[in-house]
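One file, run02.txt, is given below (compact mmCIF, C-alpha atoms and all ligand atoms).
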```
# COMPACT_ATOMS: atom_id res chain seq x y z
CA LEU A 31 0.00 0.00 0.00
CA LEU A 32 3.05 2.26 0.13
CA ALA A 33 4.74 3.87 -2.85
CA ALA A 34 8.44 3.19 -3.46
CA ASP A 35 9.44 6.36 -1.58
CA GLY A 36 7.46 5.30 1.49
CA SER A 37 4.56 7.71 0.96
CA VAL A 38 1.01 6.43 0.78
CA ALA A 39 0.35 5.43 -2.83
CA ALA A 40 -2.56 7.53 -4.13
CA SER A 41 -5.42 5.55 -5.64
CA ILE A 42 -5.58 5.88 -9.40
CA PHE A 43 -8.88 7.75 -9.03
CA ALA A 44 -7.33 10.42 -6.82
CA GLU A 45 -4.30 10.68 -9.08
CA MET A 46 -6.38 11.10 -12.22
CA SER A 47 -8.86 13.54 -10.63
CA ALA A 48 -5.89 15.65 -9.47
CA LEU A 49 -4.54 15.52 -13.03
CA ALA A 50 -7.90 16.73 -14.36
CA ALA A 51 -7.98 19.56 -11.81
CA ARG A 52 -4.40 20.59 -12.63
CA THR A 53 -4.83 20.53 -16.41
CA GLY A 54 -8.47 21.60 -16.73
CA ALA A 55 -9.11 18.45 -18.79
CA ILE A 56 -12.59 16.87 -18.94
CA ASN A 57 -12.65 14.32 -16.14
CA LEU A 58 -14.00 11.01 -17.43
CA GLY A 59 -11.72 9.20 -14.99
CA GLN A 60 -13.16 8.92 -11.48
CA GLY A 61 -16.76 7.77 -11.62
CA PHE A 62 -18.94 10.50 -10.16
CA PRO A 63 -21.92 12.24 -11.79
CA ASP A 64 -21.77 15.95 -12.63
CA GLU A 65 -25.36 16.52 -11.49
CA ASP A 66 -26.57 16.01 -7.93
CA GLY A 67 -29.38 13.60 -7.19
CA PRO A 68 -33.09 14.27 -6.60
CA ALA A 69 -34.08 17.59 -5.03
CA VAL A 70 -36.43 15.88 -2.54
CA VAL A 71 -33.51 13.81 -1.23
CA LEU A 72 -31.26 16.87 -0.90
CA GLU A 73 -34.07 18.71 0.88
CA ALA A 74 -34.65 15.77 3.23
CA ALA A 75 -31.03 16.00 4.42
CA ARG A 76 -31.36 19.75 5.05
CA GLN A 77 -34.59 19.07 6.90
CA ALA A 78 -33.01 16.35 9.00
CA ILE A 79 -30.25 18.74 10.06
CA SER A 80 -32.84 21.39 10.96
CA ASP A 81 -34.85 18.79 12.84
CA GLY A 82 -31.86 17.94 15.01
CA VAL A 83 -30.89 14.59 13.51
CA ASN A 84 -27.26 15.39 14.29
CA GLN A 85 -26.04 13.07 17.04
CA TYR A 86 -24.82 9.47 16.91
CA PRO A 87 -27.42 7.24 15.29
CA PRO A 88 -27.71 3.54 16.21
CA GLY A 89 -24.78 1.37 15.11
CA ARG A 90 -26.84 -0.65 12.67
CA GLY A 91 -28.22 2.56 11.13
CA GLN A 92 -31.30 4.75 11.54
CA PRO A 93 -34.36 2.48 11.66
CA ILE A 94 -36.04 4.66 9.02
CA LEU A 95 -33.21 3.85 6.58
CA LEU A 96 -33.09 0.15 7.47
CA GLU A 97 -36.84 -0.11 6.92
CA ALA A 98 -36.56 1.73 3.59
CA ILE A 99 -33.85 -0.70 2.44
CA ALA A 100 -36.04 -3.65 3.43
CA ARG A 101 -38.98 -2.19 1.47
CA HIS A 102 -36.70 -1.54 -1.53
CA GLN A 103 -35.47 -5.16 -1.57
CA GLN A 104 -39.06 -6.39 -1.34
CA ARG A 105 -40.37 -4.04 -4.00
CA PHE A 106 -37.69 -4.61 -6.62
CA TYR A 107 -36.60 -8.19 -5.93
CA GLY A 108 -39.25 -9.86 -3.78
CA LEU A 109 -36.76 -10.36 -0.94
CA THR A 110 -38.24 -10.23 2.55
CA LEU A 111 -35.71 -8.90 5.06
CA ASP A 112 -35.90 -8.19 8.77
CA ALA A 113 -34.82 -4.55 9.03
CA GLY A 114 -33.67 -4.94 12.63
CA SER A 115 -31.33 -7.89 12.17
CA GLU A 116 -30.57 -8.54 8.49
CA ILE A 117 -29.50 -5.07 7.30
CA LEU A 118 -26.56 -2.85 8.26
CA ALA A 119 -26.00 0.75 7.17
CA THR A 120 -22.38 1.56 6.34
CA ALA A 121 -20.17 4.44 5.22
CA GLY A 122 -20.67 3.77 1.53
CA ALA A 123 -20.30 0.40 -0.12
CA THR A 124 -16.61 0.72 0.69
CA GLU A 125 -17.12 0.29 4.42
CA ALA A 126 -19.57 -2.54 3.76
CA LEU A 127 -16.86 -4.30 1.73
CA ALA A 128 -14.21 -3.57 4.35
CA ALA A 129 -16.21 -4.78 7.34
CA THR A 130 -17.45 -7.84 5.43
CA ILE A 131 -14.06 -8.96 4.20
CA LEU A 132 -12.32 -8.31 7.51
CA ALA A 133 -15.07 -10.09 9.42
CA LEU A 134 -15.33 -13.14 7.20
CA ILE A 135 -11.77 -14.10 6.28
CA GLU A 136 -8.88 -15.45 8.29
CA PRO A 137 -5.29 -14.93 7.16
CA GLY A 138 -4.48 -17.46 4.46
CA ASP A 139 -8.08 -17.88 3.27
CA GLU A 140 -8.57 -17.61 -0.47
CA VAL A 141 -10.84 -14.98 -1.94
CA VAL A 142 -11.96 -15.24 -5.56
CA THR A 143 -12.80 -12.14 -7.59
CA PHE A 144 -13.18 -11.50 -11.27
CA GLU A 145 -10.48 -9.46 -12.95
CA PRO A 146 -10.31 -6.56 -13.65
CA PHE A 147 -11.73 -5.80 -10.17
CA TYR A 148 -12.71 -2.67 -8.28
CA ASP A 149 -9.47 -1.64 -6.63
CA ALA A 150 -10.73 -1.78 -3.03
CA TYR A 151 -11.21 -5.56 -3.29
CA GLY A 152 -7.49 -6.16 -3.73
CA GLY A 153 -6.54 -3.74 -0.97
CA LEU A 154 -9.05 -5.17 1.51
CA ILE A 155 -8.19 -8.81 0.80
CA GLY A 156 -4.58 -7.80 1.51
CA LEU A 157 -5.53 -6.04 4.76
CA GLY A 158 -7.35 -9.19 5.87
CA GLY A 159 -4.37 -11.40 5.07
CA GLY A 160 -6.29 -13.25 2.38
CA ILE A 161 -4.94 -14.80 -0.79
CA HIS A 162 -6.49 -13.25 -3.87
CA ARG A 163 -7.40 -15.54 -6.79
CA THR A 164 -8.88 -14.05 -9.93
CA VAL A 165 -10.97 -15.22 -12.87
CA PRO A 166 -10.32 -13.16 -16.01
CA LEU A 167 -12.98 -11.17 -17.85
CA ARG A 168 -11.90 -10.63 -21.43
CA ALA A 169 -13.02 -8.47 -24.33
CA PRO A 170 -15.26 -8.29 -26.21
CA ASP A 171 -18.03 -9.22 -23.76
CA PHE A 172 -16.07 -9.42 -20.47
CA GLN A 173 -17.92 -12.56 -19.36
CA PRO A 174 -16.01 -15.19 -17.38
CA ASP A 175 -15.11 -18.56 -18.79
CA LEU A 176 -17.21 -20.93 -16.66
CA ASP A 177 -14.52 -23.60 -16.51
CA ALA A 178 -12.00 -21.03 -15.29
CA LEU A 179 -14.52 -20.09 -12.61
CA ARG A 180 -14.96 -23.75 -11.62
CA ASP A 181 -11.18 -24.11 -11.37
CA ALA A 182 -10.72 -21.00 -9.22
CA VAL A 183 -13.17 -22.03 -6.47
CA THR A 184 -11.88 -24.79 -4.20
CA ASP A 185 -12.24 -25.89 -0.58
CA ARG A 186 -9.67 -23.21 0.28
CA THR A 187 -12.05 -20.49 -0.97
CA ARG A 188 -13.71 -18.53 1.81
CA LEU A 189 -15.33 -15.76 -0.26
CA ILE A 190 -16.38 -15.25 -3.86
CA ILE A 191 -16.73 -11.52 -4.53
CA VAL A 192 -19.04 -10.64 -7.40
CA ASN A 193 -19.62 -7.17 -8.82
CA ASP A 194 -22.69 -7.09 -11.03
CA PRO A 195 -23.18 -4.78 -12.94
CA HIS A 196 -19.43 -4.63 -13.21
CA ASN A 197 -16.97 -1.79 -12.71
CA PRO A 198 -14.88 -1.20 -14.85
CA THR A 199 -16.20 -3.29 -17.78
CA GLY A 200 -19.95 -2.59 -17.66
CA ALA A 201 -20.61 -6.33 -17.97
CA VAL A 202 -23.85 -7.77 -16.57
CA PHE A 203 -23.65 -11.45 -15.70
CA PRO A 204 -26.37 -13.74 -17.06
CA ARG A 205 -28.41 -15.88 -14.68
CA GLU A 206 -26.46 -19.06 -15.53
CA THR A 207 -23.17 -17.48 -14.38
CA LEU A 208 -24.75 -16.28 -11.14
CA GLU A 209 -26.25 -19.75 -10.59
CA LEU A 210 -22.86 -21.36 -11.07
CA ILE A 211 -21.36 -19.01 -8.48
CA VAL A 212 -24.03 -20.08 -5.99
CA GLU A 213 -23.53 -23.75 -6.86
CA LEU A 214 -19.76 -23.48 -6.35
CA ALA A 215 -20.19 -21.59 -3.08
CA ASN A 216 -22.47 -24.34 -1.81
CA GLN A 217 -20.20 -27.11 -3.04
CA HIS A 218 -17.11 -25.62 -1.36
CA ASN A 219 -18.81 -24.01 1.63
CA ALA A 220 -17.79 -20.51 0.59
CA LEU A 221 -19.69 -17.27 1.12
CA VAL A 222 -20.71 -14.92 -1.67
CA VAL A 223 -20.19 -11.17 -1.36
CA THR A 224 -22.05 -9.32 -4.08
CA ASP A 225 -21.39 -5.67 -4.80
CA GLU A 226 -24.50 -4.37 -6.52
CA VAL A 227 -23.91 -0.62 -6.33
CA TYR A 228 -24.97 -0.26 -10.00
CA GLU A 229 -28.15 -2.32 -9.46
CA HIS A 230 -30.38 0.34 -11.02
CA LEU A 231 -28.05 1.07 -13.94
CA THR A 232 -28.69 -1.77 -16.37
CA PHE A 233 -29.67 -1.15 -19.97
CA GLY A 234 -31.04 -4.46 -21.12
CA ALA A 235 -31.99 -7.38 -18.93
CA PRO A 236 -33.10 -6.38 -15.42
CA HIS A 237 -30.64 -6.79 -12.55
CA ILE A 238 -30.67 -10.19 -10.83
CA PRO A 239 -29.52 -10.02 -7.19
CA ILE A 240 -27.64 -13.21 -6.36
CA ALA A 241 -29.49 -13.40 -3.03
CA THR A 242 -32.72 -14.16 -4.92
CA LEU A 243 -31.32 -17.39 -6.45
CA PRO A 244 -32.14 -20.76 -4.86
CA GLY A 245 -29.57 -21.74 -2.22
CA ALA A 246 -27.99 -18.29 -2.17
CA TRP A 247 -29.53 -16.27 0.66
CA GLU A 248 -28.00 -18.28 3.54
CA ARG A 249 -24.47 -17.61 2.30
CA THR A 250 -24.69 -14.22 0.58
CA VAL A 251 -23.82 -10.70 1.69
CA THR A 252 -25.44 -8.15 -0.64
CA ILE A 253 -23.88 -4.70 -0.77
CA SER A 254 -25.19 -1.49 -2.29
CA SER A 255 -24.96 2.25 -1.88
CA GLY A 256 -26.94 5.44 -2.38
CA GLY A 257 -23.97 6.98 -4.19
CA LYS A 258 -24.79 5.72 -7.68
CA THR A 259 -28.57 5.29 -7.44
CA PHE A 260 -29.10 8.85 -6.22
CA SER A 261 -26.02 10.52 -7.76
CA LEU A 262 -24.79 11.43 -4.28
CA THR A 263 -21.37 9.78 -4.19
CA GLY A 264 -20.08 12.21 -1.57
CA TRP A 265 -22.71 11.27 0.99
CA LYS A 266 -21.24 7.82 1.53
CA VAL A 267 -24.44 6.09 2.58
CA GLY A 268 -24.13 2.39 1.86
CA TRP A 269 -25.64 -0.78 3.25
CA LEU A 270 -25.50 -4.53 3.27
CA SER A 271 -27.97 -7.32 3.87
CA ALA A 272 -27.34 -10.92 4.91
CA PRO A 273 -28.64 -13.53 7.38
CA ALA A 274 -28.69 -12.13 10.93
CA ALA A 275 -25.68 -14.10 12.22
CA ILE A 276 -23.49 -12.85 9.37
CA VAL A 277 -24.66 -9.27 9.90
CA THR A 278 -23.77 -9.57 13.59
CA ALA A 279 -20.25 -10.76 12.72
CA ILE A 280 -19.81 -7.86 10.30
CA LEU A 281 -21.18 -5.38 12.85
CA ALA A 282 -18.48 -6.53 15.27
CA VAL A 283 -15.89 -5.18 12.80
CA LYS A 284 -17.88 -2.17 11.62
CA GLN A 285 -18.14 -0.83 15.18
CA PHE A 286 -14.38 -0.30 15.20
CA LEU A 287 -14.15 1.09 11.66
CA THR A 288 -16.62 3.96 11.89
CA TYR A 289 -18.77 3.06 14.92
CA VAL A 290 -21.79 4.73 13.26
CA ASN A 291 -22.44 6.78 10.12
CA ALA A 292 -23.50 10.35 9.39
CA ALA A 293 -26.98 10.74 10.88
CA PRO A 294 -28.84 13.26 8.69
CA PHE A 295 -28.03 11.58 5.37
CA GLN A 296 -29.68 8.34 6.42
CA PRO A 297 -33.32 9.54 6.54
CA ALA A 298 -32.66 11.43 3.30
CA ILE A 299 -31.52 8.29 1.46
CA ALA A 300 -34.59 6.56 2.93
CA VAL A 301 -36.69 9.13 1.05
CA GLY A 302 -34.77 8.31 -2.14
CA LEU A 303 -35.34 4.57 -1.77
CA GLY A 304 -39.07 5.23 -1.62
CA LEU A 305 -39.24 7.29 -4.83
CA PRO A 306 -41.69 6.03 -7.48
CA ASP A 307 -40.62 3.57 -10.19
CA ALA A 308 -40.40 6.42 -12.68
CA TYR A 309 -37.30 7.69 -10.87
CA PHE A 310 -35.47 4.36 -11.08
CA ASP A 311 -36.51 3.78 -14.71
CA GLY A 312 -35.46 7.34 -15.48
CA ILE A 313 -31.89 7.02 -14.18
CA ALA A 314 -31.29 3.91 -16.26
CA ALA A 315 -32.74 5.51 -19.42
CA ASP A 316 -30.73 8.65 -18.77
CA MET A 317 -27.48 6.74 -18.30
CA LYS A 318 -28.15 4.66 -21.41
CA ALA A 319 -28.57 7.87 -23.43
CA LYS A 320 -25.20 9.08 -22.08
CA ARG A 321 -23.60 5.76 -22.99
CA ASP A 322 -25.01 6.15 -26.48
CA VAL A 323 -23.24 9.49 -26.83
CA LEU A 324 -19.82 8.40 -25.60
CA ALA A 325 -19.67 4.93 -27.18
CA PRO A 326 -19.84 6.17 -30.81
CA GLY A 327 -17.56 9.07 -29.86
CA LEU A 328 -14.87 6.67 -28.67
CA ARG A 329 -15.29 4.51 -31.77
CA ALA A 330 -15.01 7.54 -34.05
CA ALA A 331 -11.84 8.55 -32.18
CA GLY A 332 -10.31 5.20 -33.11
CA PHE A 333 -10.72 3.16 -29.93
CA GLU A 334 -12.04 -0.37 -30.03
CA ILE A 335 -14.92 -0.73 -27.59
CA SER A 336 -17.77 -3.03 -26.73
CA VAL A 337 -21.01 -1.45 -25.60
CA PRO A 338 -21.53 -1.92 -21.84
CA GLN A 339 -24.79 -3.37 -20.50
CA GLY A 340 -24.64 -1.69 -17.09
CA SER A 341 -22.80 0.62 -14.64
CA TYR A 342 -21.41 3.86 -16.05
CA PHE A 343 -18.12 2.95 -17.61
CA ILE A 344 -16.81 1.98 -21.05
CA VAL A 345 -13.58 0.08 -21.50
CA ALA A 346 -11.68 1.22 -24.60
CA ASP A 347 -8.78 -0.55 -26.28
CA ALA A 348 -6.17 1.99 -27.44
CA THR A 349 -4.25 -0.52 -29.58
CA PRO A 350 -5.75 0.67 -32.91
CA LEU A 351 -4.49 4.17 -32.02
CA GLY A 352 -0.97 2.84 -31.58
CA PHE A 353 -0.89 2.89 -27.76
CA THR A 354 0.10 -0.27 -25.91
CA ASP A 355 0.36 1.19 -22.40
CA GLY A 356 -2.92 2.60 -21.07
CA THR A 357 -1.29 4.01 -17.93
CA GLU A 358 1.09 6.06 -20.05
CA LEU A 359 -1.77 7.07 -22.34
CA CYS A 360 -3.84 8.27 -19.34
CA ARG A 361 -0.96 10.41 -18.11
CA LYS A 362 -0.63 11.97 -21.60
CA LEU A 363 -4.32 12.22 -22.47
CA PRO A 364 -4.91 15.67 -20.93
CA GLY A 365 -2.14 17.05 -23.17
CA LEU A 366 -3.18 15.11 -26.25
CA ALA A 367 -6.95 15.56 -26.06
CA GLY A 368 -7.90 17.47 -22.88
CA VAL A 369 -9.56 14.36 -21.40
CA VAL A 370 -8.84 12.22 -18.34
CA ALA A 371 -9.48 8.45 -18.20
CA VAL A 372 -8.16 5.68 -15.94
CA PRO A 373 -6.05 2.70 -17.00
CA ILE A 374 -7.58 -0.77 -16.56
CA ALA A 375 -4.22 -1.93 -15.20
CA ALA A 376 -5.25 -0.15 -11.97
CA PHE A 377 -8.00 -2.78 -11.62
CA CYS A 378 -5.65 -5.73 -12.04
CA SER A 379 -3.30 -7.74 -9.88
CA PRO A 380 0.36 -6.97 -10.63
CA GLY A 381 0.97 -10.27 -12.46
CA ASN A 382 -1.93 -9.74 -14.85
CA ARG A 383 -1.48 -6.07 -15.72
CA ALA A 384 0.33 -6.78 -18.99
CA GLU A 385 -2.71 -8.54 -20.45
CA TYR A 386 -4.90 -5.49 -19.82
CA ALA A 387 -2.23 -2.86 -20.53
CA PRO A 388 -3.76 -1.19 -23.63
CA LEU A 389 -7.20 -0.77 -22.04
CA VAL A 390 -8.51 2.42 -20.45
CA ARG A 391 -11.82 3.24 -18.76
CA PHE A 392 -14.02 6.25 -19.54
CA ALA A 393 -16.89 7.26 -17.22
CA TYR A 394 -20.01 8.56 -18.98
CA CYS A 395 -22.02 9.69 -15.93
CA LYS A 396 -21.71 13.26 -17.23
CA LYS A 397 -23.91 15.77 -19.06
CA GLU A 398 -24.32 14.92 -22.75
CA PRO A 399 -22.77 18.15 -24.13
CA LEU A 400 -19.65 17.39 -22.09
CA LEU A 401 -19.54 13.85 -23.51
CA GLU A 402 -19.91 15.31 -27.02
CA GLN A 403 -17.10 17.73 -26.34
CA ALA A 404 -14.87 14.97 -24.97
CA SER A 405 -15.61 12.85 -28.06
CA ALA A 406 -14.71 15.74 -30.36
CA GLN A 407 -11.47 16.37 -28.48
CA LEU A 408 -10.55 12.66 -28.53
CA ALA A 409 -10.83 12.73 -32.33
CA ALA A 410 -7.44 14.49 -32.20
CA LEU A 411 -5.86 11.14 -31.31
CA SER A 412 -6.30 9.59 -34.75
N1 LIG B 1 -17.97 -0.87 -5.48
C1 LIG B 1 -17.92 -0.47 -6.76
C2 LIG B 1 -17.97 -1.48 -7.83
C3 LIG B 1 -17.80 0.88 -7.05
O1 LIG B 1 -17.73 1.28 -8.32
C4 LIG B 1 -17.74 1.81 -5.99
C5 LIG B 1 -17.58 3.28 -6.19
N2 LIG B 1 -17.66 3.82 -7.32
C6 LIG B 1 -17.81 1.35 -4.70
C7 LIG B 1 -17.91 0.00 -4.47
C8 LIG B 1 -17.73 2.27 -3.54
O2 LIG B 1 -18.96 2.84 -3.25
P1 LIG B 1 -19.14 3.94 -2.13
O3 LIG B 1 -18.74 5.24 -2.71
O4 LIG B 1 -20.58 3.85 -1.79
O5 LIG B 1 -18.25 3.57 -1.00
N1 LIG B 2 -16.15 4.00 -7.79
C1 LIG B 2 -15.71 5.17 -8.49
C2 LIG B 2 -14.89 4.75 -9.70
O1 LIG B 2 -14.73 3.59 -9.95
C3 LIG B 2 -14.91 6.04 -7.57
C4 LIG B 2 -13.78 5.33 -6.99
C5 LIG B 2 -12.94 6.09 -6.03
O2 LIG B 2 -12.79 7.30 -6.12
N2 LIG B 2 -12.34 5.38 -5.12
O3 LIG B 2 -14.43 5.61 -10.39
```

If you convert what's in this file into structure tokens, what do you get?
Ligand code: PMP
Ligand code: GLN
Amino acid sequence: LLAADGSVAASIFAEMSALAARTGAINLGQGFPDEDGPAVVLEAARQAISDGVNQYPPGRGQPILLEAIARHQQRFYGLTLDAGSEILATAGATEALAATILALIEPGDEVVTFEPFYDAYGGLIGLGGGIHRTVPLRAPDFQPDLDALRDAVTDRTRLIIVNDPHNPTGAVFPRETLELIVELANQHNALVVTDEVYEHLTFGAPHIPIATLPGAWERTVTISSGGKTFSLTGWKVGWLSAPAAIVTAILAVKQFLTYVNAAPFQPAIAVGLGLPDAYFDGIAADMKAKRDVLAPGLRAAGFEISVPQGSYFIVADATPLGFTDGTELCRKLPGLAGVVAVPIAAFCSPGNRAEYAPLVRFAYCKKEPLLEQASAQLAALS
């Protein structure tokens, strides 16, 4: 976790956002929307502050939020949860991941993820002393080879971490892949941790939470966050749901990570979770329209891409443009085209970076004129 000179190594997102700020380039690197979420949710937070919701909330989260999460899981997925024992509010999905991984693995346990993987997974598995095994996702569709998945999961596997829809590739796993994950977890007595922060950002088939599959609930921790669904990434309101005994184990760790989370944002996110279907349909349609601006823009600029089915990222192969090192390209891109992206190598384990070297990720959770401008500027590359 330390850079060669002993300083703390900055995450690629922080490095690339700082580069965008320094150069004035369009920031399609770090994934955060350039418009804040629903006015009623913003107003609910202001109201909560005025109403005096400003002291430590309960460790599991404000009951009003926990109940709203339970209703959301019932409404969208038919899952019936006990708000008091099967749900935990966390400081973003990041704390949910941290507390879950630290609670559930012992040093030496194996943890399987797909690769490329959201960078926190690698860091947290390392903090927990786990051994990280990966199953590759490859262009063009970034779906795992099912035999490679079967090979990766063994009796040494403690956790299988799934991220669906997937950051950075935008892949959405089909039901048969999710069913195989559950089957393997059962066969090898592993637990499934599923990061579903982009659950409402799918553009084709509806999202399938792993916890809804037969044989899954008893061994699955489902993680999500208000950051993406309500375009409020800076609020850091996340949550997880799992059987009560697993939640209790995770709470034992969470109490020493943050103790509790920011009080007034919790009732506000509860308001968001109760918004009508039109809101949730609208964010997916809106994000799809943004995708459909940037995807042809990247193609016209000379990148090879496949169109993502979820999340808000596109992976672009810079090989046709003559670039073989995406990290180097990302450092030069502000000068070449006034745009910032992030290299896929940042989502890979050191031994596998070479395979993904020419790939870079662009975030399209931005206003359409900005995406058009970025596309026009990127045309300078070819
Ligand atoms: N998981 C994935 C896949 C993400 O993309 C992100 C953030 N973009 C997170 C977790 C972290 O979410 P949060 O900001 O709620 O901690
Ligand atoms: N999840 C966002 C992304 O992938 C932000 C990550 C971060 O800043 N740590 O870009």

Requested in this report: Name each residue within 6 Å of ligand LIG 2 (chain B), counting only C-alpha atoms and all ligand atoms, as an MDAnalysis selection string.
Outcome: chainID A and resid 43 60:61

Keeping C-alpha atoms, export the residues of the selection given above as a short mmCIF file (atom, residue, chain, number, x, y, z; two decimals), in the coordinates of the input.
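Saved to selection-v4.cif:
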```
data_model
loop_
_atom_site.label_atom_id
_atom_site.label_comp_id
_atom_site.auth_asym_id
_atom_site.auth_seq_id
_atom_site.Cartn_x
_atom_site.Cartn_y
_atom_site.Cartn_z
CA PHE A 43 -8.88 7.75 -9.03
CA GLN A 60 -13.16 8.92 -11.48
CA GLY A 61 -16.76 7.77 -11.62
#
```

I'd like a table as a tab-separated table: residues in segment 184-231 of chain A with an atom no more than 10 Å from segment 390-410 of chain A, each row giving the shortest atom pair and its distance in Å to one decimal, only C-alpha atoms counted, sorted by chain and rising residue number.
```
residue	atom	partner	partner_atom	distance
A:Asn197	CA	A:Arg391	CA	9.4
A:Pro198	CA	A:Arg391	CA	6.7
A:Thr199	CA	A:Arg391	CA	7.9
```

Could you please take those selected residues and save C-alpha atoms as a compact mmCIF listing (two decimals), in the coordinates of the input?
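Saved file again.txt follows:
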```
# COMPACT_ATOMS: atom_id res chain seq x y z
CA ASN A 197 -16.97 -1.79 -12.71
CA PRO A 198 -14.88 -1.20 -14.85
CA THR A 199 -16.20 -3.29 -17.78
```

Query raised in the report: Near segment 204-207 of chain A, counting all atoms listed in the file, which residues have an atom at most 8 Å away, once you skip same-chain residues fewer than 2 positions from it, shown as a ChimeraX atom specification?
Result: /A:176,202,209-211,238

Query - Expected selection as a PyMOL selection string for ligand LIG 1 (chain B) within 7 Å, all atoms listed in the file - result: chain A and resi 61+121-125+148+193+196-197+225+227+255-257+263+266-268

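Here the question is which of A:Val192, A:Leu49, A:Leu366, A:Ala293 gets nearest to Ile79 of chain A using all atoms listed in the file, and that residue is A:Ala293.
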
Requested in this report: Tell me which of A:Leu231, A:Ala246, A:Val345, A:Leu221 sits closest to Lys318 of chain A, counting all atoms listed in the file.
Outcome: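 Among the listed residues, the smallest separation from Lys318 of chain A belongs to A:Leu231.
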
Report task. May I ask which of the residues A:Thr164, A:Asn216, A:Thr53, A:Gln104 is the closest one to Cys378 of chain A, counting only C-alpha atoms? Result ->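 Smallest distance to Cys378 of chain A is found for A:Thr164.
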
Query raised in the report: Which one of A:Pro297, A:Thr357, A:Leu118, A:Glu140 sits closest to Gly159 of chain A if you count all atoms listed in the file?
Result: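 Of A:Pro297, A:Thr357, A:Leu118, A:Glu140, the one nearest Gly159 of chain A, counting all atoms listed in the file, is A:Glu140.
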
Query raised in the report: For the atom pair atom CA of Tyr386 of chain A and atom CA of Leu214 of chain A, what is the interatomic distance in Å to one decimal place?
Result: 26.9 Å

Query raised in the report: Within 12 Å of Leu208 of chain A, counting all atoms listed in the file, which residues qualify if same-chain residues fewer than 4 places away don't, as a VMD selection string?
Result: chain A and resid 173 to 174 176 179 190 to 195 202 to 204 212 to 215 222 to 224 237 to 246 250

Expected file contents, prior selection, C-alpha atoms, as a PDB file, in the coordinates of the input:
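Result saved to selection19.pdb:
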```
ATOM      1  CA  GLN A 173     -17.920 -12.560 -19.360  1.00  0.00           C
ATOM      2  CA  PRO A 174     -16.010 -15.190 -17.380  1.00  0.00           C
ATOM      3  CA  LEU A 176     -17.210 -20.930 -16.660  1.00  0.00           C
ATOM      4  CA  LEU A 179     -14.520 -20.090 -12.610  1.00  0.00           C
ATOM      5  CA  ILE A 190     -16.380 -15.250  -3.860  1.00  0.00           C
ATOM      6  CA  ILE A 191     -16.730 -11.520  -4.530  1.00  0.00           C
ATOM      7  CA  VAL A 192     -19.040 -10.640  -7.400  1.00  0.00           C
ATOM      8  CA  ASN A 193     -19.620  -7.170  -8.820  1.00  0.00           C
ATOM      9  CA  ASP A 194     -22.690  -7.090 -11.030  1.00  0.00           C
ATOM     10  CA  PRO A 195     -23.180  -4.780 -12.940  1.00  0.00           C
ATOM     11  CA  VAL A 202     -23.850  -7.770 -16.570  1.00  0.00           C
ATOM     12  CA  PHE A 203     -23.650 -11.450 -15.700  1.00  0.00           C
ATOM     13  CA  PRO A 204     -26.370 -13.740 -17.060  1.00  0.00           C
ATOM     14  CA  VAL A 212     -24.030 -20.080  -5.990  1.00  0.00           C
ATOM     15  CA  GLU A 213     -23.530 -23.750  -6.860  1.00  0.00           C
ATOM     16  CA  LEU A 214     -19.760 -23.480  -6.350  1.00  0.00           C
ATOM     17  CA  ALA A 215     -20.190 -21.590  -3.080  1.00  0.00           C
ATOM     18  CA  VAL A 222     -20.710 -14.920  -1.670  1.00  0.00           C
ATOM     19  CA  VAL A 223     -20.190 -11.170  -1.360  1.00  0.00           C
ATOM     20  CA  THR A 224     -22.050  -9.320  -4.080  1.00  0.00           C
ATOM     21  CA  HIS A 237     -30.640  -6.790 -12.550  1.00  0.00           C
ATOM     22  CA  ILE A 238     -30.670 -10.190 -10.830  1.00  0.00           C
ATOM     23  CA  PRO A 239     -29.520 -10.020  -7.190  1.00  0.00           C
ATOM     24  CA  ILE A 240     -27.640 -13.210  -6.360  1.00  0.00           C
ATOM     25  CA  ALA A 241     -29.490 -13.400  -3.030  1.00  0.00           C
ATOM     26  CA  THR A 242     -32.720 -14.160  -4.920  1.00  0.00           C
ATOM     27  CA  LEU A 243     -31.320 -17.390  -6.450  1.00  0.00           C
ATOM     28  CA  PRO A 244     -32.140 -20.760  -4.860  1.00  0.00           C
ATOM     29  CA  GLY A 245     -29.570 -21.740  -2.220  1.00  0.00           C
ATOM     30  CA  ALA A 246     -27.990 -18.290  -2.170  1.00  0.00           C
ATOM     31  CA  THR A 250     -24.690 -14.220   0.580  1.00  0.00           C
TER      32      THR A 250
END
```

Requested in this report: Please identify all polymer residues within 10 Å of Ile313 of chain A, counting only C-alpha atoms, omitting same-chain residues fewer than 2 positions from it, and present them as JSON, numbers by chain.
Outcome: {"A": [67, 230, 231, 232, 258, 259, 260, 261, 308, 309, 310, 311, 315, 316, 317, 318, 319]}

**Report entry** Pro273 of chain A surroundings by all atoms listed in the file, 8 Å radius, close-in-sequence under 4 positions cut, as a PyMOL selection string
**Finding:** chain A and resi 115-116+247-251+277
